[in-house]
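Here's the structure, in structure tokens; my notes come after.
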Amino acid sequence: MTGLVGAVVEAWDELRLHKLRVLLALIGVAAAVMAITAVTAAVQMLTQGYKEQAERDMGRQVTLSIDAWQMSEQAAPSTALDATYARALERYGITWATRDWYTSAPFRFPDGTRPTEVRAVDPQIGTMQRIDVVEGRWFTDADVDAYAPLLVVNEPFLDSLGVAGLGSRPTVLLGDATPVRATIVGVTAQRWRGESPQAIALYEQLVRWYTPSETGWGQPVPSLRVWVPPEAADELGARLQRDVAAVLPGWEVNVYDNRGAGYGALDGAARWVALGIGGFALLLGGLGLVNIALVTVRHRIREIGIRRSFGATSGRIFFGVLMESVVATVVAGLVGVVLAVAAIKNIPVDTLFGSGIQDRPPFPVFAALVGMACATGVGALAGVIPATVAVRVKVIDAIRY
Amino acid sequence: MSLLELTGVTRSVRLPDDRLLEILRGVTLSVDTGEHVAVVGRSGTGKSTLLNILGLLDAPTDGEYLLEGVPIGRLSARERTRRRGRDFGFVFQQFNLLPGRTALENVAAPLMYAPGRQFWRRRALAAQMLDRVGLGDRLDTMPEKLSGGEQQRVAIARALVRGPRVILADEPTGALDVETGQEVMSLLDEIASLTGAALVTITHDLAVAARAQRHYRLADGVLVPVDLGGAGHEWVGDVPTLPGARRLPGAAGAVPGVPELGAPVPAQVEP
């Protein structure tokens, strides 16, 4: 116990005595640890941003999409579809599910009525696909029973209405022959320049309030999307496909999942690049440390000899010199991590990643630990060479040195 | 049983041209607890090698060295190091204080390798020891701010702080003026006798050597007992001057040029 404490105390004394040397040697290590930690954190944020973007398009991991297509005139009527979906969800206890129907409906804008893209969904899709509402609100379960259709529209839709925001509680007429007044409760951001007006309605409300007079474009029937645990995705996918197909004769039922979305590739590549750069910087820092430690040990040969005369074993001398390097790099690593935290906490994420991050990842403690571990490892490696030199010194020669 | 006992100890090294250089030849010496032994000799005669062997910094090539009756050859390297730290205190000619450390930190340095209580109380023990050597008011002074005599007193405090059984002093006054050297030796003698430690002093200075109870002379690697009672301060060839500087009659290791007691002394005096 006293041996270990003594070695650490000795190491700390050495660092205290040679502050400038240590500082110079450790700037590189601290910078490298900061680079590793900060870049890892940035990559995590970038990955999260990319992941969220992918989830906005394709749903969270793992989302299964069940698409059904009528294959013949004799097929079961499409009215049976909703009940079939509901039974399947109940059977497997799936709570995160939504119908998703891309269709169109006529809306009356100031310049006339025109068919507009409508997405009919259930409220859960707001969470399942991270739908951001920049103004107003998203749907709730209670909205299904509202006495008028509710809409969440994109900014181009609002612009087409000639409305600046939701302050005036804007409404819009939905339908052609017998229109119904729909209330706009939320607005989503325009996702790209030239995006056309789009409305999102609750599926139940749309089919209740609007009956198309003619077949518009889009899917003939809604898809069913379910968000399931990854480990259950394969089995559930097969069962849902089988169950839905069994009760819908004459329908082609397909199940897809979004696991091939591909955002892991960015994660992997960027992480390796970041770690590669950080590792290289750490290597350079470590080499600087070895260099200075070697010079220092040569200057301390007499001192090492004197300590041996006090009863310092070669193991203790080795450990002491090693610890000097390790303690120094641990301190440098801590400094690097603190700098990385400061940098990451002040990164303007919205500017960097465009749409911003909904679930901003916490500071990557793992990256900090990796940075610290790397610094300690470099310290140990950088300490081995001078420690070996120190141990090989002959005591009697060292005292006379 | 003696505290330290060398019997027929030889130390030789192989030179680059493959010749064998014998530094010590058949050295026999015993030191008991509380004794003060002085070894005199000219530079290059093997005094420091003898001290290094006694202090377990070096090992004999041949012969036997018993430490409290135990042959040191039987001790592992780790045990030898442990015994060196625990049982021996070194005082060097050039003080060998650790640079950049205060007097207190220098004296506490050996206690870094001590077990248990000594380790944890190292600063208090070091302060007490510095107080004993009269430097209680210079605890936080850097060595370079101390005079030569003060530095050697710090070195003595450092050598004694672990309570060694043997103090090995290698030319302890070599870097000091005569007066300061006498003060340092008085201190060393006093503390050694108070603590009961054996003191082995290696010196050129016959006055310093004369303070010891037993005296030896090392010439060409051979250790010879001499009597320095009333010794002068000069050397004649390889030999201390009169009247007492004589090889004892019948002493082992007769060396050419060393007169026996009662023999005429050459008049030539070397500086």
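Here's how to read the names in the structure tokens: chain A, B, ... by the order shown, residue numbers from 1 in each chain, ligand numbers from 1 in the order shown.
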
Which of segment 15-233 of chain A DSSP labels strand (DSSP E or B), written as a PyMOL selection string: chain A and resi 63-70+97-109+112-121+135-136+150-154+171-174+180-188+198-202+223-227

Counting only C-alpha atoms, chain A residues within 6 Å of chain B, as a ChimeraX atom specification: /A:6,310-311,313

Test item: residues at most 9 Å from Ser160 of chain A, only C-alpha atoms, excluding those fewer than 6 positions along its chain, as a ChimeraX atom specification: /A:109-111,197

Contacts of segment 249-257 of chain A within 10 Å, only C-alpha atoms, excl. fewer than 3 positions in-chain, as a ChimeraX atom specification: /A:58-59,61-78,223-227,233-234,236-246,260-261

Non-local contacts of Leu150 of chain A (6 Å; only C-alpha atoms; under 2 positions in same chain excluded) as a VMD selection string: chain A and resid 182 to 184

Keeping only C-alpha atoms, write the selected residues as a compact mmCIF listing (two decimals), in the first residue's frame.
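out.txt written:
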```txt
# COMPACT_ATOMS: atom_id res chain seq x y z
CA ALA A 182 -61.12 21.80 -41.41
CA THR A 183 -59.16 23.49 -38.66
CA ILE A 184 -55.40 23.78 -38.93
```

Filtered DSSP result for segment 32-186 of chain A, state alpha helix (DSSP H), as a ChimeraX atom specification: /A:32-58,80-92,125-128,155-161

Output file for the selection above: C-alpha atoms, as an mmCIF file, in the first residue's frame:
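Contents of out-v9.cif, freshly written:
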```
data_model
loop_
_atom_site.group_PDB
_atom_site.id
_atom_site.type_symbol
_atom_site.label_atom_id
_atom_site.label_comp_id
_atom_site.auth_asym_id
_atom_site.auth_seq_id
_atom_site.Cartn_x
_atom_site.Cartn_y
_atom_site.Cartn_z
ATOM 1 C CA ALA A 32 -5.231 14.701 -28.901
ATOM 2 C CA VAL A 33 -7.576 13.588 -26.133
ATOM 3 C CA MET A 34 -9.707 16.638 -26.779
ATOM 4 C CA ALA A 35 -9.761 15.787 -30.478
ATOM 5 C CA ILE A 36 -10.741 12.192 -29.858
ATOM 6 C CA THR A 37 -13.440 13.083 -27.358
ATOM 7 C CA ALA A 38 -14.836 16.093 -29.174
ATOM 8 C CA VAL A 39 -14.840 14.458 -32.581
ATOM 9 C CA THR A 40 -16.461 11.334 -31.181
ATOM 10 C CA ALA A 41 -19.117 13.501 -29.572
ATOM 11 C CA ALA A 42 -19.593 15.449 -32.783
ATOM 12 C CA VAL A 43 -19.866 12.227 -34.747
ATOM 13 C CA GLN A 44 -22.485 11.014 -32.296
ATOM 14 C CA MET A 45 -24.447 14.179 -32.823
ATOM 15 C CA LEU A 46 -24.050 13.999 -36.573
ATOM 16 C CA THR A 47 -25.123 10.378 -36.467
ATOM 17 C CA GLN A 48 -28.079 11.252 -34.296
ATOM 18 C CA GLY A 49 -29.039 14.043 -36.685
ATOM 19 C CA TYR A 50 -28.758 11.717 -39.653
ATOM 20 C CA LYS A 51 -30.614 8.994 -37.809
ATOM 21 C CA GLU A 52 -33.428 11.316 -36.891
ATOM 22 C CA GLN A 53 -33.611 12.472 -40.492
ATOM 23 C CA ALA A 54 -33.831 8.856 -41.610
ATOM 24 C CA GLU A 55 -36.459 8.173 -38.988
ATOM 25 C CA ARG A 56 -38.509 11.113 -40.246
ATOM 26 C CA ASP A 57 -38.539 9.489 -43.663
ATOM 27 C CA MET A 58 -38.746 5.820 -42.785
ATOM 28 C CA ALA A 80 -62.344 -5.272 -44.300
ATOM 29 C CA LEU A 81 -58.782 -3.955 -44.151
ATOM 30 C CA ASP A 82 -59.126 -1.711 -41.093
ATOM 31 C CA ALA A 83 -60.724 -4.462 -39.025
ATOM 32 C CA THR A 84 -58.017 -6.893 -40.141
ATOM 33 C CA TYR A 85 -55.261 -4.504 -39.100
ATOM 34 C CA ALA A 86 -56.946 -3.843 -35.759
ATOM 35 C CA ARG A 87 -57.213 -7.565 -35.000
ATOM 36 C CA ALA A 88 -53.597 -8.161 -35.854
ATOM 37 C CA LEU A 89 -52.429 -5.337 -33.585
ATOM 38 C CA GLU A 90 -54.562 -6.578 -30.736
ATOM 39 C CA ARG A 91 -53.386 -10.158 -31.175
ATOM 40 C CA TYR A 92 -49.717 -9.251 -30.875
ATOM 41 C CA ILE A 125 -46.961 8.409 -36.290
ATOM 42 C CA GLY A 126 -45.931 11.745 -34.779
ATOM 43 C CA THR A 127 -43.583 9.859 -32.454
ATOM 44 C CA MET A 128 -42.832 7.003 -34.802
ATOM 45 C CA GLU A 155 -45.549 25.844 -44.401
ATOM 46 C CA PRO A 156 -46.163 25.922 -48.169
ATOM 47 C CA PHE A 157 -49.791 24.931 -47.456
ATOM 48 C CA LEU A 158 -50.130 27.835 -45.057
ATOM 49 C CA ASP A 159 -48.467 30.135 -47.581
ATOM 50 C CA SER A 160 -50.945 29.001 -50.233
ATOM 51 C CA LEU A 161 -53.742 29.950 -47.878
#
```

Test item: residues at most 10 Å from Gly288 of chain A, only C-alpha atoms, excluding those fewer than 6 positions along its chain, as a list in words: Leu24, Ala25, Leu26, Ile27, Gly28, Val29, Leu282, Leu294 and Ala382 of chain A

Put those residues in a file: C-alpha atoms, as a JSON list (two decimals), in the first residue's frame.
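This went into again.json:
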```
[["chain", "number", "residue", "atom", "x", "y", "z"],
["A", 24, "LEU", "CA", 5.11, 21.32, -22.94],
["A", 25, "ALA", "CA", 5.05, 17.57, -23.26],
["A", 26, "LEU", "CA", 1.41, 17.31, -22.45],
["A", 27, "ILE", "CA", -0.06, 19.95, -24.70],
["A", 28, "GLY", "CA", -0.01, 17.43, -27.51],
["A", 29, "VAL", "CA", -1.60, 14.73, -25.38],
["A", 282, "LEU", "CA", -2.15, 11.01, -29.66],
["A", 294, "LEU", "CA", 14.10, 10.16, -21.93],
["A", 382, "ALA", "CA", 5.73, 6.59, -23.17]]
```

6 Å contact set for Ala368 of chain A, only C-alpha atoms, chain neighbours under 2 positions out, as a PyMOL selection string: chain A and resi 37+337+365-366+370-371

Å distance separating atom CA of Gly196 of chain B from atom CA of Gln182 of chain B, one decimal place: 20.4 Å

Atom pair atom CA of Thr188 of chain A / atom CA of Ile344 of chain A: separation (Å):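 Calculated distance between atom CA of Thr188 of chain A and atom CA of Ile344 of chain A is 28.2 Å.
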
Proximity to Asp189 of chain B - best of B:Ser43, B:Ala210, B:Val13, B:Met129, only C-alpha atoms: B:Ala210

Distance in Å - atom CA of Leu334 of chain A versus atom CA of Ala390 of chain A: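 Calculated distance between atom CA of Leu334 of chain A and atom CA of Ala390 of chain A is 27.4 Å.
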